[in-house]
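A.B. asks: structure_28.cif is the file, holding mmCIF, C-alpha atoms:
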data_final
#
loop_
_atom_site.label_atom_id
_atom_site.label_comp_id
_atom_site.auth_asym_id
_atom_site.auth_seq_id
_atom_site.Cartn_x
_atom_site.Cartn_y
_atom_site.Cartn_z
CA MET A 1 118.44 81.22 81.84
CA MET A 2 118.42 83.88 79.13
CA PRO A 3 121.72 85.70 78.97
CA ARG A 4 121.38 89.36 79.96
CA LEU A 5 121.59 91.80 77.06
CA ARG A 6 124.94 93.53 76.91
CA VAL A 7 124.36 97.22 76.33
CA SER A 8 127.44 98.40 74.44
CA CYS A 9 127.08 102.03 73.44
CA ALA A 10 125.61 105.14 75.04
CA ALA A 11 122.25 106.38 73.79
CA ALA A 12 121.64 109.48 71.68
CA PRO A 13 120.81 112.71 73.57
CA GLU A 14 117.27 112.76 72.13
CA THR A 15 116.57 109.37 73.65
CA VAL A 16 117.92 110.50 77.02
CA GLU A 17 115.73 113.60 76.76
CA LYS A 18 112.60 111.59 75.98
CA VAL A 19 113.31 109.21 78.88
CA SER A 20 113.80 112.18 81.20
CA THR A 21 110.43 113.60 80.22
CA ILE A 22 108.72 110.29 80.95
CA VAL A 23 110.46 109.96 84.31
CA ARG A 24 109.65 113.54 85.26
CA LYS A 25 105.98 112.95 84.49
CA GLN A 26 105.77 109.64 86.37
CA LEU A 27 107.39 111.09 89.46
CA ALA A 28 105.60 114.45 89.19
CA LEU A 29 108.90 116.29 89.53
CA ALA A 30 108.90 120.05 90.03
CA GLU A 31 110.12 122.13 87.06
CA GLU A 32 113.20 123.18 88.97
CA THR A 33 114.30 119.65 89.81
CA GLN A 34 117.45 118.89 87.87
CA VAL A 35 117.91 115.47 86.35
CA THR A 36 120.87 114.13 84.46
CA GLY A 37 121.58 110.81 82.81
CA GLU A 38 123.26 109.67 86.00
CA THR A 39 120.37 110.54 88.29
CA LYS A 40 119.09 107.43 90.05
CA PHE A 41 115.33 106.92 90.06
CA ALA A 42 115.51 106.11 93.76
CA GLU A 43 117.08 109.54 94.42
CA LEU A 44 114.06 111.11 92.77
CA GLY A 45 111.74 109.36 95.20
CA ALA A 46 110.69 106.48 92.96
CA ASP A 47 109.44 103.39 94.75
CA SER A 48 109.33 99.92 93.18
CA LEU A 49 105.85 100.60 91.80
CA ASP A 50 107.07 103.79 90.09
CA THR A 51 110.04 101.98 88.54
CA VAL A 52 107.84 99.29 86.97
CA GLU A 53 105.43 101.93 85.69
CA ILE A 54 108.31 103.91 84.20
CA VAL A 55 109.45 100.79 82.35
CA MET A 56 105.86 100.21 81.13
CA LYS A 57 105.65 103.79 79.86
CA LEU A 58 109.03 103.47 78.13
CA GLU A 59 107.80 100.30 76.42
CA GLU A 60 104.73 102.14 75.14
CA GLU A 61 106.53 105.28 74.02
CA PHE A 62 109.45 103.53 72.32
CA GLY A 63 107.63 100.46 71.07
CA VAL A 64 109.98 98.02 72.74
CA GLY A 65 109.47 95.11 75.10
CA VAL A 66 111.62 94.99 78.18
CA GLU A 67 112.31 91.61 79.73
CA GLU A 68 111.86 91.29 83.49
CA GLU A 69 115.56 90.68 84.19
CA ASN A 70 116.59 93.73 82.15
CA ALA A 71 113.91 95.90 83.74
CA GLN A 72 115.49 95.22 87.09
CA THR A 73 118.90 96.51 85.97
CA ILE A 74 117.61 100.00 85.12
CA THR A 75 118.40 102.42 87.91
CA THR A 76 119.23 105.66 86.06
CA ILE A 77 117.93 107.62 83.10
CA GLN A 78 121.08 106.83 81.09
CA GLU A 79 120.70 103.11 81.69
CA ALA A 80 117.07 103.24 80.55
CA ALA A 81 117.99 105.17 77.39
CA ASP A 82 120.89 102.82 76.58
CA LEU A 83 118.71 99.74 76.98
CA ILE A 84 115.96 101.21 74.80
CA GLU A 85 118.36 101.92 71.96
CA THR A 86 119.83 98.44 72.19
CA LEU A 87 116.33 96.96 72.01
CA GLN A 88 115.39 99.22 69.09
CA LYS A 89 118.40 98.02 67.10
CA LYS A 90 117.25 94.38 67.38
CA MET B 1 117.88 77.74 107.04
CA PRO B 2 114.56 79.51 107.59
CA PRO B 3 114.41 82.96 106.00
CA LYS B 4 114.78 86.09 108.12
CA GLU B 5 113.14 89.51 107.86
CA VAL B 6 115.22 91.70 105.56
CA HIS B 7 114.07 95.14 106.60
CA VAL B 8 115.40 97.17 109.50
CA GLN B 9 112.98 96.68 112.41
CA LYS B 10 111.72 100.06 113.60
CA THR B 11 110.02 100.49 116.97
CA HIS B 12 107.70 102.87 118.85
CA SER B 13 106.92 105.30 116.04
CA MET B 14 103.72 106.60 117.64
CA SER B 15 103.92 109.69 119.87
CA PRO B 16 103.13 109.40 123.63
CA GLN B 17 100.14 111.76 123.25
CA LYS B 18 98.50 109.33 120.90
CA ILE B 19 99.00 106.53 123.41
CA GLU B 20 96.74 108.57 125.73
CA MET B 21 94.12 108.67 123.03
CA PHE B 22 93.85 104.88 123.04
CA LYS B 23 93.42 104.88 126.81
CA SER B 24 90.58 107.36 126.44
CA LEU B 25 88.98 105.10 123.84
CA GLU B 26 88.63 102.20 126.26
CA ASN B 27 84.94 102.84 126.94
CA TRP B 28 84.27 103.23 123.27
CA ALA B 29 86.05 99.91 122.63
CA GLN B 30 84.00 98.24 125.35
CA GLU B 31 80.76 99.37 123.75
CA ASN B 32 81.61 99.04 120.08
CA ILE B 33 84.29 96.39 119.66
CA LEU B 34 83.78 93.85 122.43
CA VAL B 35 80.18 93.45 121.27
CA LEU B 36 81.55 91.89 118.09
CA LEU B 37 82.95 88.95 120.03
CA LYS B 38 80.84 85.82 120.20
CA PRO B 39 80.13 84.43 123.66
CA VAL B 40 81.95 81.12 124.06
CA GLU B 41 78.71 79.25 124.73
CA LYS B 42 77.42 80.37 121.34
CA CYS B 43 80.61 79.52 119.45
CA TRP B 44 81.17 76.59 117.16
CA GLN B 45 83.99 74.26 118.15
CA PRO B 46 86.16 72.10 115.89
CA GLN B 47 84.43 68.96 117.16
CA ASP B 48 81.18 70.20 115.55
CA PHE B 49 82.75 69.56 112.14
CA LEU B 50 84.80 66.44 112.81
CA PRO B 51 84.13 62.72 113.28
CA ASP B 52 83.09 62.09 116.87
CA PRO B 53 85.65 59.85 118.58
CA ALA B 54 83.22 59.14 121.42
CA SER B 55 80.62 57.66 119.08
CA ASP B 56 80.33 54.15 117.68
CA GLY B 57 80.16 55.67 114.21
CA PHE B 58 83.59 57.28 114.50
CA GLU B 59 85.43 54.94 112.17
CA GLU B 60 82.65 55.15 109.61
CA GLN B 61 82.73 58.95 109.78
CA VAL B 62 86.49 58.94 109.26
CA LYS B 63 86.04 56.61 106.29
CA GLU B 64 83.51 59.03 104.80
CA LEU B 65 85.86 61.96 105.33
CA ARG B 66 88.65 60.14 103.54
CA GLU B 67 86.27 59.23 100.68
CA ARG B 68 85.44 62.90 100.22
CA THR B 69 89.01 64.17 100.47
CA LYS B 70 90.18 61.57 97.95
CA GLU B 71 88.62 63.76 95.23
CA LEU B 72 90.51 66.91 96.17
CA PRO B 73 93.48 67.72 93.94
CA ASP B 74 97.02 68.08 95.29
CA ASP B 75 97.29 71.78 94.51
CA TYR B 76 94.15 72.45 96.54
CA PHE B 77 95.70 70.54 99.46
CA VAL B 78 98.94 72.50 99.27
CA VAL B 79 97.02 75.77 99.54
CA LEU B 80 94.82 74.47 102.36
CA VAL B 81 97.93 73.28 104.20
CA GLY B 82 99.58 76.69 103.75
CA ASP B 83 96.45 78.33 105.16
CA MET B 84 96.37 75.90 108.08
CA ILE B 85 100.04 76.55 108.87
CA THR B 86 99.32 80.27 108.79
CA GLU B 87 96.48 79.83 111.28
CA GLU B 88 98.63 77.62 113.51
CA ALA B 89 101.21 80.41 113.85
CA LEU B 90 98.68 82.22 116.05
CA PRO B 91 101.17 82.83 118.90
CA THR B 92 102.96 85.21 116.54
CA TYR B 93 99.79 87.21 115.92
CA GLN B 94 98.84 87.51 119.58
CA THR B 95 102.41 88.65 120.19
CA MET B 96 102.15 91.19 117.41
CA LEU B 97 98.96 92.66 118.88
CA ASN B 98 100.69 92.88 122.24
CA THR B 99 103.58 94.85 120.76
CA LEU B 100 101.21 97.75 120.09
CA ASP B 101 101.56 100.76 122.41
CA GLY B 102 98.41 101.90 124.18
CA VAL B 103 96.46 98.71 123.60
CA ARG B 104 98.74 95.88 124.72
CA ASP B 105 97.81 93.38 127.41
CA GLU B 106 100.19 94.51 130.14
CA THR B 107 99.83 91.47 132.41
CA GLY B 108 98.34 88.69 130.34
CA ALA B 109 95.02 89.14 132.13
CA SER B 110 94.55 92.89 131.90
CA LEU B 111 90.94 94.07 132.16
CA SER B 112 91.42 96.87 129.66
CA PRO B 113 88.88 96.39 126.84
CA TRP B 114 91.72 96.32 124.33
CA ALA B 115 93.35 93.44 126.18
CA ILE B 116 90.05 91.63 126.58
CA TRP B 117 89.55 91.95 122.82
CA THR B 118 93.02 90.61 122.02
CA ARG B 119 92.67 87.56 124.23
CA ALA B 120 89.16 86.75 123.03
CA TRP B 121 90.16 87.30 119.41
CA THR B 122 93.09 84.91 119.92
CA ALA B 123 90.76 82.37 121.50
CA GLU B 124 88.36 82.51 118.56
CA GLU B 125 91.21 82.23 116.04
CA ASN B 126 92.68 79.29 117.91
CA ARG B 127 89.79 77.11 116.76
CA HIS B 128 90.68 77.72 113.10
CA GLY B 129 94.09 76.07 113.22
CA ASP B 130 92.75 73.26 115.40
CA LEU B 131 89.91 72.46 113.01
CA LEU B 132 92.02 72.56 109.86
CA ASN B 133 94.78 70.55 111.53
CA LYS B 134 92.46 67.75 112.57
CA TYR B 135 90.70 67.68 109.21
CA LEU B 136 93.98 67.47 107.32
CA TYR B 137 95.30 64.87 109.76
CA LEU B 138 92.29 62.62 109.25
CA SER B 139 92.36 63.01 105.46
CA GLY B 140 95.59 61.07 105.18
CA ARG B 141 96.47 63.09 102.09
CA VAL B 142 99.27 65.15 103.60
CA ASP B 143 102.60 64.60 105.35
CA MET B 144 101.73 65.70 108.87
CA LYS B 145 105.29 65.57 110.16
CA GLN B 146 106.51 67.93 107.44
CA ILE B 147 103.58 70.24 108.17
CA GLU B 148 104.25 70.14 111.90
CA LYS B 149 107.90 70.92 111.24
CA THR B 150 106.88 73.88 109.11
CA ILE B 151 104.67 75.18 111.92
CA GLN B 152 107.49 74.85 114.43
CA TYR B 153 109.85 76.76 112.14
CA LEU B 154 107.25 79.44 111.46
CA ILE B 155 106.40 80.14 115.09
CA GLY B 156 110.14 80.24 115.75
CA SER B 157 110.64 82.79 112.98
CA GLY B 158 107.81 85.10 113.98
CA MET B 159 107.15 88.04 111.72
CA ASP B 160 107.55 91.82 111.63
CA PRO B 161 104.70 93.42 109.69
CA GLN B 162 106.47 96.78 110.20
CA THR B 163 103.79 98.10 112.51
CA GLU B 164 106.43 99.75 114.75
CA ASN B 165 104.44 99.27 118.01
CA ASN B 166 102.01 101.74 116.46
CA PRO B 167 98.31 100.78 116.76
CA TYR B 168 97.41 102.97 113.79
CA LEU B 169 99.67 100.79 111.64
CA GLY B 170 98.73 97.67 113.60
CA PHE B 171 94.97 97.95 113.17
CA ILE B 172 95.28 98.94 109.53
CA TYR B 173 97.38 95.80 109.06
CA THR B 174 94.89 93.57 110.85
CA SER B 175 91.97 95.10 108.92
CA PHE B 176 93.72 94.15 105.70
CA GLN B 177 94.65 90.69 106.89
CA GLU B 178 91.24 89.77 108.25
CA ARG B 179 89.70 90.66 104.91
CA ALA B 180 92.43 88.71 103.12
CA THR B 181 91.70 85.59 105.20
CA PHE B 182 87.96 86.10 104.69
CA VAL B 183 88.55 86.15 100.92
CA SER B 184 90.93 83.19 100.86
CA HIS B 185 88.91 80.91 103.17
CA GLY B 186 85.84 81.85 101.13
CA ASN B 187 87.68 80.65 98.05
CA THR B 188 88.87 77.40 99.63
CA ALA B 189 85.25 76.81 100.68
CA ARG B 190 84.02 77.36 97.12
CA LEU B 191 86.68 75.06 95.67
CA ALA B 192 85.95 72.34 98.25
CA LYS B 193 82.30 72.44 97.19
CA ASP B 194 83.29 72.32 93.49
CA HIS B 195 85.34 69.21 94.21
CA GLY B 196 82.48 67.56 96.07
CA ASP B 197 83.54 67.91 99.71
CA VAL B 198 80.59 69.72 101.21
CA LYS B 199 81.79 69.16 104.78
CA LEU B 200 85.14 70.82 104.07
CA ALA B 201 83.27 73.64 102.36
CA GLN B 202 81.36 74.15 105.62
CA VAL B 203 84.62 74.08 107.58
CA CYS B 204 86.23 76.76 105.43
CA GLY B 205 82.99 78.71 105.33
CA ILE B 206 82.58 78.85 109.09
CA ILE B 207 86.18 80.03 109.44
CA ALA B 208 85.56 82.69 106.78
CA ALA B 209 82.53 83.90 108.73
CA ASP B 210 84.69 84.47 111.82
CA GLU B 211 87.23 86.38 109.74
CA LYS B 212 84.45 88.61 108.40
CA ARG B 213 83.33 89.45 111.92
CA HIS B 214 86.91 90.21 112.92
CA GLU B 215 87.31 92.37 109.83
CA THR B 216 84.25 94.32 110.94
CA ALA B 217 85.85 94.93 114.33
CA TYR B 218 89.25 96.06 113.08
CA THR B 219 87.82 98.27 110.34
CA LYS B 220 85.56 99.86 112.94
CA ILE B 221 88.59 100.77 115.05
CA VAL B 222 90.35 102.35 112.08
CA GLU B 223 87.14 104.16 111.13
CA LYS B 224 87.20 105.70 114.63
CA LEU B 225 90.84 106.69 114.15
CA PHE B 226 89.96 108.37 110.86
CA GLU B 227 87.23 110.27 112.71
CA LEU B 228 89.50 111.44 115.55
CA ASP B 229 92.74 111.93 113.61
CA PRO B 230 92.18 111.86 109.86
CA ASP B 231 95.62 113.22 109.04
CA GLY B 232 97.52 110.75 111.22
CA THR B 233 95.42 107.84 110.03
CA VAL B 234 95.70 108.56 106.31
CA LEU B 235 99.47 108.94 106.71
CA ALA B 236 99.52 105.58 108.49
CA LEU B 237 97.49 103.94 105.71
CA ALA B 238 99.81 105.30 103.02
CA ASP B 239 102.80 104.14 105.04
CA MET B 240 101.49 100.57 105.34
CA MET B 241 100.65 100.45 101.64
CA ARG B 242 104.09 101.76 100.64
CA LYS B 243 105.71 99.15 102.83
CA LYS B 244 103.34 96.63 101.24
CA VAL B 245 101.20 94.42 103.43
CA SER B 246 103.35 91.37 104.04
CA MET B 247 101.64 88.03 104.51
CA PRO B 248 101.86 86.58 108.01
CA ALA B 249 103.49 83.34 106.89
CA HIS B 250 106.02 84.81 104.50
CA LEU B 251 108.92 83.38 106.51
CA MET B 252 107.60 79.82 106.27
CA TYR B 253 110.16 77.03 105.89
CA ASP B 254 109.90 73.24 105.91
CA GLY B 255 113.54 72.33 106.20
CA VAL B 256 113.67 71.53 102.49
CA ASP B 257 112.46 74.36 100.25
CA ASP B 258 114.11 77.80 100.43
CA ASN B 259 111.32 79.23 98.27
CA LEU B 260 108.46 77.62 100.12
CA PHE B 261 106.36 80.74 100.62
CA ASP B 262 106.78 81.87 96.99
CA ASN B 263 105.89 78.41 95.73
CA TYR B 264 102.84 78.18 97.97
CA SER B 265 101.70 81.68 96.97
CA SER B 266 102.16 80.81 93.34
CA VAL B 267 99.81 77.84 93.66
CA ALA B 268 97.32 79.91 95.67
CA GLN B 269 97.37 82.48 92.87
CA ARG B 270 97.02 79.86 90.14
CA ILE B 271 94.01 78.12 91.65
CA GLY B 272 92.34 81.39 92.56
CA VAL B 273 92.44 81.20 96.34
CA TYR B 274 94.37 84.43 96.86
CA THR B 275 95.64 86.53 94.00
CA ALA B 276 97.28 89.87 93.24
CA ARG B 277 93.84 91.03 92.12
CA ASP B 278 92.50 90.18 95.57
CA TYR B 279 95.19 92.40 97.09
CA ALA B 280 94.05 95.32 94.93
CA ASP B 281 90.39 94.56 95.66
CA ILE B 282 90.99 94.51 99.40
CA LEU B 283 92.79 97.84 99.24
CA GLU B 284 89.95 99.31 97.22
CA PHE B 285 87.39 97.91 99.66
CA LEU B 286 89.16 99.50 102.62
CA VAL B 287 89.59 102.85 100.86
CA GLN B 288 85.84 102.88 100.27
CA ARG B 289 84.97 101.50 103.71
CA TRP B 290 86.91 104.30 105.37
CA ASN B 291 85.78 106.92 102.84
CA VAL B 292 89.37 108.03 102.33
CA ALA B 293 88.55 110.08 99.21
CA ALA B 294 86.19 112.31 101.21
CA LEU B 295 88.61 113.23 103.98
CA THR B 296 89.03 116.95 104.54
CA GLY B 297 91.21 119.20 106.65
CA LEU B 298 94.33 117.27 105.80
CA SER B 299 97.87 118.62 105.90
CA GLY B 300 99.96 118.82 102.75
CA GLU B 301 101.54 115.46 103.55
CA GLY B 302 98.11 114.09 104.38
CA ARG B 303 96.71 115.10 101.00
CA LYS B 304 99.66 113.45 99.24
CA ALA B 305 98.99 110.30 101.24
CA GLN B 306 95.28 110.48 100.38
CA ASP B 307 96.07 110.79 96.66
CA PHE B 308 98.55 107.94 96.84
CA VAL B 309 96.16 105.60 98.62
CA CYS B 310 93.14 106.45 96.47
CA GLY B 311 95.09 105.95 93.26
CA LEU B 312 96.94 102.80 94.28
CA ALA B 313 94.47 99.96 93.55
CA PRO B 314 94.13 100.76 89.81
CA ARG B 315 97.93 100.95 89.53
CA ILE B 316 98.33 97.55 91.12
CA ARG B 317 95.69 96.11 88.80
CA ARG B 318 97.42 97.53 85.72
CA LEU B 319 100.71 96.00 86.85
CA GLU B 320 99.02 92.68 87.40
CA GLU B 321 97.45 92.78 83.91
CA ARG B 322 100.90 93.39 82.47
CA ALA B 323 102.36 90.49 84.45
CA GLN B 324 99.53 88.19 83.32
CA ALA B 325 99.91 89.23 79.68
CA ARG B 326 103.53 88.15 79.58
CA ALA B 327 104.01 84.48 78.86
CA LYS B 328 105.28 83.43 82.22
CA GLN B 329 107.77 80.63 82.53
CA THR B 330 106.33 78.03 84.83
CA SER B 331 108.24 75.22 86.42
CA LEU B 332 107.55 72.29 88.66
CA ALA B 333 108.35 72.40 92.36
CA PRO B 334 108.10 69.57 94.86
CA PHE B 335 106.11 70.18 98.05
CA SER B 336 107.17 68.24 101.13
CA TRP B 337 103.66 68.73 102.56
CA ILE B 338 102.35 66.33 99.89
CA PHE B 339 105.20 63.83 100.12
CA GLY B 340 107.40 65.56 97.57
CA LYS B 341 104.88 65.54 94.74
CA GLU B 342 105.48 68.29 92.20
CA LEU B 343 103.13 71.10 91.29
CA THR B 344 103.28 73.87 88.69
CA VAL B 345 104.50 77.16 90.19
#
Just give me the structure as structure tokens.
C.D. replies:
Amino acid sequence: MMPRLRVSCAAAPETVEKVSTIVRKQLALAEETQVTGETKFAELGADSLDTVEIVMKLEEEFGVGVEEENAQTITTIQEAADLIETLQKK
Amino acid sequence: MPPKEVHVQKTHSMSPQKIEMFKSLENWAQENILVLLKPVEKCWQPQDFLPDPASDGFEEQVKELRERTKELPDDYFVVLVGDMITEEALPTYQTMLNTLDGVRDETGASLSPWAIWTRAWTAEENRHGDLLNKYLYLSGRVDMKQIEKTIQYLIGSGMDPQTENNPYLGFIYTSFQERATFVSHGNTARLAKDHGDVKLAQVCGIIAADEKRHETAYTKIVEKLFELDPDGTVLALADMMRKKVSMPAHLMYDGVDDNLFDNYSSVAQRIGVYTARDYADILEFLVQRWNVAALTGLSGEGRKAQDFVCGLAPRIRRLEERAQARAKQTSLAPFSWIFGKELTV
């Protein structure tokens, strides 16, 4: 079993912003809907299909590859941004 | 321990007014659905495809059967066994149909066309498990006791397809499943032929033909529902697809393998009997069959459901492409149905 990546530091605001944009688009959120780093995808109405598609989009936009077991740990925008930055540093 | 359903089991989600609608459709069902049943006298029976124990040639016929089945690979057998076990859990499916409000068989011998359909459908399906069971038994290639144990566990476990006593959900579910069995038995027929067992190919083929006819019946019912209540029906379709159509035998257990269903599905996927692509194709077929894209006069929620359903098959396919593109770690798993031999899953 591959050890899970340990994500050590919080991502830069620009990364969080970019992730938010992707999530907003995937879930077709209204302009007024507020999202923060802590917002859970599930709270925004994402089903399991949406979550996988968000991860796919993040992979494309950031040029990273997300392993299955790490994909499953992402539940908020902050977590997605943190993971992306950790993968980019590799 | 056999697995249990994980979701909360919801009941009676259809309104009482809609129950009345199904009563008023009884004549329509009589004229349009019962006609899709085959009269018993015209039906094939398992004996038509098996060695004849009453004939002098019985032992020779059995010998021939075993010669043919000798050429079939183990992974094919595992999938055929899984399919047979699914068919043998028929009591669960008759039960499930009788959970549906407005169409259930109230006495066990009700003369309502819906009830007549359910009993006759069950009777036709009953031949499938019987035929596959006897064929597999005679082949000598599989551990019958382990298979029989699995069947006993499975019938004991039942299943909850999340149809909530609601015939909208119920008939959408059965439409999907009949097509799924039509596809998978069609594939086991093709593979049997490829491996040189023409008789088994006929067996699987004749079962597939029944499933096709049943698919025609169930899709006709849902087509009628779309005609009478497009909004309610499209919402129901979106609901079933969001919940994901669970396979009837997903709680299967053989006393040994806690991941039996996943392992069996994995082999079925690998050898092309029933795949994630098939799931997407079936959805797409039904969306076209019911002309979902052309529905009009929908509520706001209905339009959202329509968009969701019409856009879903391509999304599933894209996900599946991504999953295929990743180098997947395979492992070996033993299957008690084939005496503990290991297959790649």
A.B. asks: Spell out the residues picked by the PyMOL selection byres ((chain B) within 9 of (chain A)) here, as a VMD selection string.
C.D. replies: chain B and resid 242 315 to 316 319 322
A.B. asks: Please evaluate the PyMOL selection byres ((chain B and resi 61-70) around 8) against the structure above and give the resulting residues as a short mmCIF file (atom, residue, chain, number, x, y, z; two decimals) with C-alpha atoms, in the coordinates of the input.
C.D. replies:
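Here's the written file out-v6.cif:
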data_model
loop_
_atom_site.label_atom_id
_atom_site.label_comp_id
_atom_site.auth_asym_id
_atom_site.auth_seq_id
_atom_site.Cartn_x
_atom_site.Cartn_y
_atom_site.Cartn_z
CA PRO B 51 84.13 62.72 113.28
CA ASP B 52 83.09 62.09 116.87
CA GLY B 57 80.16 55.67 114.21
CA PHE B 58 83.59 57.28 114.50
CA GLU B 59 85.43 54.94 112.17
CA GLU B 60 82.65 55.15 109.61
CA GLU B 71 88.62 63.76 95.23
CA LEU B 72 90.51 66.91 96.17
CA LEU B 138 92.29 62.62 109.25
CA SER B 139 92.36 63.01 105.46
CA GLY B 140 95.59 61.07 105.18
CA ARG B 141 96.47 63.09 102.09
CA GLY B 196 82.48 67.56 96.07
CA ASP B 197 83.54 67.91 99.71
#
A.B. asks: Write out as a list in words the residues lying within 12 Å of A:Glu60, counting all atoms listed in the file and excluding same-chain residues fewer than 5 positions away.
C.D. replies: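 Within the cut-off, the hits are Val19, Ile22, Glu53, Ile54, Val55, Gly65, Val66 and Ile84 of chain A.
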A.B. asks: Output C-alpha atoms of each residue in that selection to a file, as a PDB file, in the coordinates of the input.
C.D. replies:
ATOM      1  CA  VAL A  19     113.310 109.210  78.880  1.00  0.00           C
ATOM      2  CA  ILE A  22     108.720 110.290  80.950  1.00  0.00           C
ATOM      3  CA  GLU A  53     105.430 101.930  85.690  1.00  0.00           C
ATOM      4  CA  ILE A  54     108.310 103.910  84.200  1.00  0.00           C
ATOM      5  CA  VAL A  55     109.450 100.790  82.350  1.00  0.00           C
ATOM      6  CA  GLY A  65     109.470  95.110  75.100  1.00  0.00           C
ATOM      7  CA  VAL A  66     111.620  94.990  78.180  1.00  0.00           C
ATOM      8  CA  ILE A  84     115.960 101.210  74.800  1.00  0.00           C
TER       9      ILE A  84
END
A.B. asks: Could you check which of B:Lys220, B:Arg277, B:His214, B:Lys304 is closest to B:Asp239, using all atoms listed in the file?
C.D. replies: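 For B:Asp239, the nearest of the candidates is B:Lys304.
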A.B. asks: I need the residue set behind the PyMOL selection byres ((chain B and resi 253) around 6) for this file; please write it as JSON, numbers by chain.
C.D. replies: {"B": [2, 150, 252, 254, 255]}
A.B. asks: Write out as a short mmCIF file (atom, residue, chain, number, x, y, z; two decimals) with C-alpha atoms, in the coordinates of the input each polymer residue whose atoms come within 6 Å of B:Phe182, counting all atoms listed in the file; drop sequence neighbours fewer than 2 positions from it.
C.D. replies:
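What ended up in part.cif:
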data_model
loop_
_atom_site.label_atom_id
_atom_site.label_comp_id
_atom_site.auth_asym_id
_atom_site.auth_seq_id
_atom_site.Cartn_x
_atom_site.Cartn_y
_atom_site.Cartn_z
CA ARG B 179 89.70 90.66 104.91
CA ALA B 180 92.43 88.71 103.12
CA SER B 184 90.93 83.19 100.86
CA HIS B 185 88.91 80.91 103.17
CA GLY B 186 85.84 81.85 101.13
CA ALA B 208 85.56 82.69 106.78
CA GLU B 211 87.23 86.38 109.74
CA LYS B 212 84.45 88.61 108.40
#
A.B. asks: So which residues touch B:Tyr153 within 12 Å, counting only C-alpha atoms, skipping near sequence neighbours fewer than 2 positions away, as a list in words?
C.D. replies: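 Listing them by chain and then by number gives Met1, Pro2, Pro3, Lys4, Ile85, Thr86, Glu88, Ala89, Thr92, Gln146, Ile147, Glu148, Lys149, Thr150, Ile151, Ile155, Gly156, Ser157, Gly158, Met159, Ala249, His250, Leu251, Met252, Tyr253, Asp254, Gly255 and Val256 of chain B.
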A.B. asks: Report, in Å with one decimal, the straight-line distance from atom CA of B:Val267 to atom CA of B:Val81.
C.D. replies: 11.6 Å
A.B. asks: By how many Å are atom CA of B:Asn291 and atom CA of B:Asp210 apart?
C.D. replies: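 Distance between the two atoms: 24.2 Å.
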A.B. asks: Could you check which of B:Gln177, B:Asn27, B:Ser110, B:Gln9 is closest to B:Gln162, using only C-alpha atoms?
C.D. replies: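 Ranked by minimum distance to B:Gln162, first place goes to B:Gln9.
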A.B. asks: List as a list in words: which residues have an atom within 8 Å of (86.0, 94.2, 120.3), counting all atoms listed in the file?
C.D. replies: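 Taken together, the residues in range are Ala29, Gln30, Asn32, Ile33, Leu34, Val35, Leu36, Leu37, Pro113, Trp114, Ile116, Trp117 and Ala217 of chain B.
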A.B. asks: Which polymer residues have any atom within 8 Å of an atom of B:Lys199, counting all atoms listed in the file, with same-chain residues fewer than 3 positions away left out, as a PyMOL selection string?
C.D. replies: chain B and resi 49+202-203
A.B. asks: Tell me, in Å to one decimal, how far atom CA of A:Ala71 is from atom CA of A:Glu17.
C.D. replies: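 Atom-to-atom, atom CA of A:Ala71 and atom CA of A:Glu17 are spaced 19.1 Å apart.
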A.B. asks: Out of B:Thr181, B:Thr216, B:Ser55, B:Gln47, which residue has the shortest atom-to-atom distance to B:Glu87 when counting only C-alpha atoms?
C.D. replies: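 The answer is B:Thr181, which sits nearest to B:Glu87.
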A.B. asks: Between B:Leu169, B:Ile338, B:Met14, B:Leu132, which is the closest to B:Met240 once you count only C-alpha atoms?
C.D. replies: B:Leu169
A.B. asks: So which residues touch stretch 33-40 of chain A within 10 Å, counting all atoms listed in the file, skipping near sequence neighbours fewer than 4 positions away, as a list in words?
C.D. replies: Pro13, Val16, Glu17, Val19, Ser20, Thr21, Val23, Arg24, Leu29, Leu44, Gly45, Ala46, Ile74, Thr75, Thr76, Ile77, Gln78, Glu79, Ala80 and Ala81 of chain A
